[in-house]
Amino acid sequence: MVPPPHPRRVACVDVPALPLQLVLHKHPDWRDDPVVVVEDDRPQARILWANRPARRAHIRRGQRCQEAEALASRLHAAVVPPAELERTGTELLRLLLGYSPSVEPQAEPGLFFVDAGGLHELFSGLDAWAHALHGALQQRGFVASVVVGFARFPALAIARARAGGWRVVHEPADEQRLAARAPIALLGPSP
């Protein structure tokens, strides 16, 4: 009797709010202050990303920078040039290709789907693979979630709900249960 084929395994790698992470890498002294990434360097520029202290000050995506400055006196605003974001995306892609020959970057910067059946045999299983991949991202200074599951969108929901760390889901039913707990808003761009 032929054993059933192994189900396809997919990993969701989410480096949330990548533009904001890049700004905070350049300005670590801003970490405790409200920080936003804006579309350009004008007072009327729209906010694209906001960190937790900014969100606690009621600063949200889409607001004008000038409005946000009225809400937080210590607000820091920065522009992330597209070339820098592209360079970082390429760096992340290279790193991920070291763990699987099949990596699909998504439209949202910092979001990737990776064939977890790739090179995990070089490790002692999927848990060790996911742990090593997460560690490599951390070593480069990124906050990231790595979730190995069976389907893309449930893995994405679990990754977004975790906000950092790694996890391997071993049963499709567990994946569905964990994904169902995640608020639907998490499937949009990370906050």
# chains A, B, ... in the order shown; residues from 1 in each chain; ligands from 1

call {"tool": "select_by_dssp", "arguments": {"residues": "range 6-177 of chain A", "states": "helix (DSSP H, G or I)", "output": "ChimeraX atom specification"}}
result
/A:18-26,28-30,52-56,65-71,82-97,120-122,126-139,152-162,172-177

call {"tool": "select_by_dssp", "arguments": {"residues": "range 32-161 of chain A", "states": "strand (DSSP E or B)", "output": "number ranges by chain"}}
result
A: 35-38, 46-50, 64, 76-78, 103-105, 111-115, 145-149

call {"tool": "closest_residue", "arguments": {"among": "A:Ala72, A:Val79, A:Cys12, A:Ala45", "to": "Asp33 in chain A", "atoms": "only C-alpha atoms"}}
result
A:Ala72

call {"tool": "residues_around", "arguments": {"residues": "Gln66 in chain A", "least_positions_apart": "5", "cutoff": "10 Å", "atoms": "only C-alpha atoms", "output": "PyMOL selection string"}}
result
chain A and resi 42-47+71

call {"tool": "closest_atom_pairs", "arguments": {"of": "range 46-129 of chain A", "to": "range 155-173 of chain A", "cutoff": "9 Å", "atoms": "only C-alpha atoms", "output": "Markdown table"}}
result
| residue | atom | partner | partner_atom | distance |
| --- | --- | --- | --- | --- |
| A:Phe113 | CA | A:Leu156 | CA | 8.8 |
| A:Leu126 | CA | A:Val168 | CA | 7.0 |
| A:Asp127 | CA | A:Val168 | CA | 6.0 |

call {"tool": "atom_distance", "arguments": {"atom1": "CA of Pro53 in chain A", "atom2": "CA of Val37 in chain A"}}
result
13.3 Å

call {"tool": "residues_around", "arguments": {"residues": "range 87-95 of chain A", "least_positions_apart": "6", "cutoff": "10 Å", "atoms": "only C-alpha atoms", "output": "list in words"}}
result
Val15, Leu18, Pro19, Leu22, Val103, Glu104, Pro105, Pro109, Gly110, Leu111, Phe112, Leu133, Ala136, Leu137, Arg140 and Phe142 of chain A

call {"tool": "write_last_selection", "arguments": {"atoms": "N, CA and C atoms", "output": "mmCIF file, in the first residue's frame"}}
result
data_model
loop_
_atom_site.group_PDB
_atom_site.id
_atom_site.type_symbol
_atom_site.label_atom_id
_atom_site.label_comp_id
_atom_site.auth_asym_id
_atom_site.auth_seq_id
_atom_site.Cartn_x
_atom_site.Cartn_y
_atom_site.Cartn_z
ATOM 1 N N VAL A 15 7.206 40.412 8.082
ATOM 2 C CA VAL A 15 8.025 41.431 8.737
ATOM 3 C C VAL A 15 7.111 42.655 8.788
ATOM 4 N N LEU A 18 7.272 47.107 7.796
ATOM 5 C CA LEU A 18 8.676 47.175 7.391
ATOM 6 C C LEU A 18 9.190 48.611 7.258
ATOM 7 N N PRO A 19 8.459 49.533 6.632
ATOM 8 C CA PRO A 19 8.975 50.902 6.559
ATOM 9 C C PRO A 19 9.213 51.512 7.941
ATOM 10 N N LEU A 22 12.378 50.132 9.436
ATOM 11 C CA LEU A 22 13.571 50.757 8.854
ATOM 12 C C LEU A 22 13.859 52.105 9.498
ATOM 13 N N VAL A 103 10.235 31.182 -2.974
ATOM 14 C CA VAL A 103 9.814 32.293 -2.115
ATOM 15 C C VAL A 103 9.003 33.251 -2.972
ATOM 16 N N GLU A 104 7.827 33.633 -2.490
ATOM 17 C CA GLU A 104 6.976 34.561 -3.228
ATOM 18 C C GLU A 104 6.782 35.839 -2.421
ATOM 19 N N PRO A 105 7.441 36.927 -2.828
ATOM 20 C CA PRO A 105 7.182 38.215 -2.172
ATOM 21 C C PRO A 105 5.761 38.671 -2.518
ATOM 22 N N PRO A 109 5.109 45.281 1.508
ATOM 23 C CA PRO A 109 6.527 45.129 1.859
ATOM 24 C C PRO A 109 6.691 44.294 3.136
ATOM 25 N N GLY A 110 7.600 43.323 3.074
ATOM 26 C CA GLY A 110 7.897 42.500 4.240
ATOM 27 C C GLY A 110 7.045 41.253 4.390
ATOM 28 N N LEU A 111 6.147 40.995 3.429
ATOM 29 C CA LEU A 111 5.297 39.815 3.515
ATOM 30 C C LEU A 111 5.690 38.830 2.416
ATOM 31 N N PHE A 112 5.934 37.571 2.825
ATOM 32 C CA PHE A 112 6.378 36.533 1.903
ATOM 33 C C PHE A 112 5.660 35.230 2.208
ATOM 34 N N LEU A 133 15.053 30.062 10.675
ATOM 35 C CA LEU A 133 14.658 31.166 9.800
ATOM 36 C C LEU A 133 14.287 32.392 10.625
ATOM 37 N N ALA A 136 17.414 33.968 12.008
ATOM 38 C CA ALA A 136 18.173 34.715 10.998
ATOM 39 C C ALA A 136 17.568 36.105 10.782
ATOM 40 N N LEU A 137 16.245 36.188 10.782
ATOM 41 C CA LEU A 137 15.588 37.497 10.650
ATOM 42 C C LEU A 137 15.865 38.375 11.864
ATOM 43 N N ARG A 140 19.299 39.895 11.903
ATOM 44 C CA ARG A 140 19.409 41.065 11.024
ATOM 45 C C ARG A 140 18.661 42.270 11.580
ATOM 46 N N PHE A 142 15.307 42.423 12.486
ATOM 47 C CA PHE A 142 13.896 42.545 12.121
ATOM 48 C C PHE A 142 13.001 41.857 13.142
#
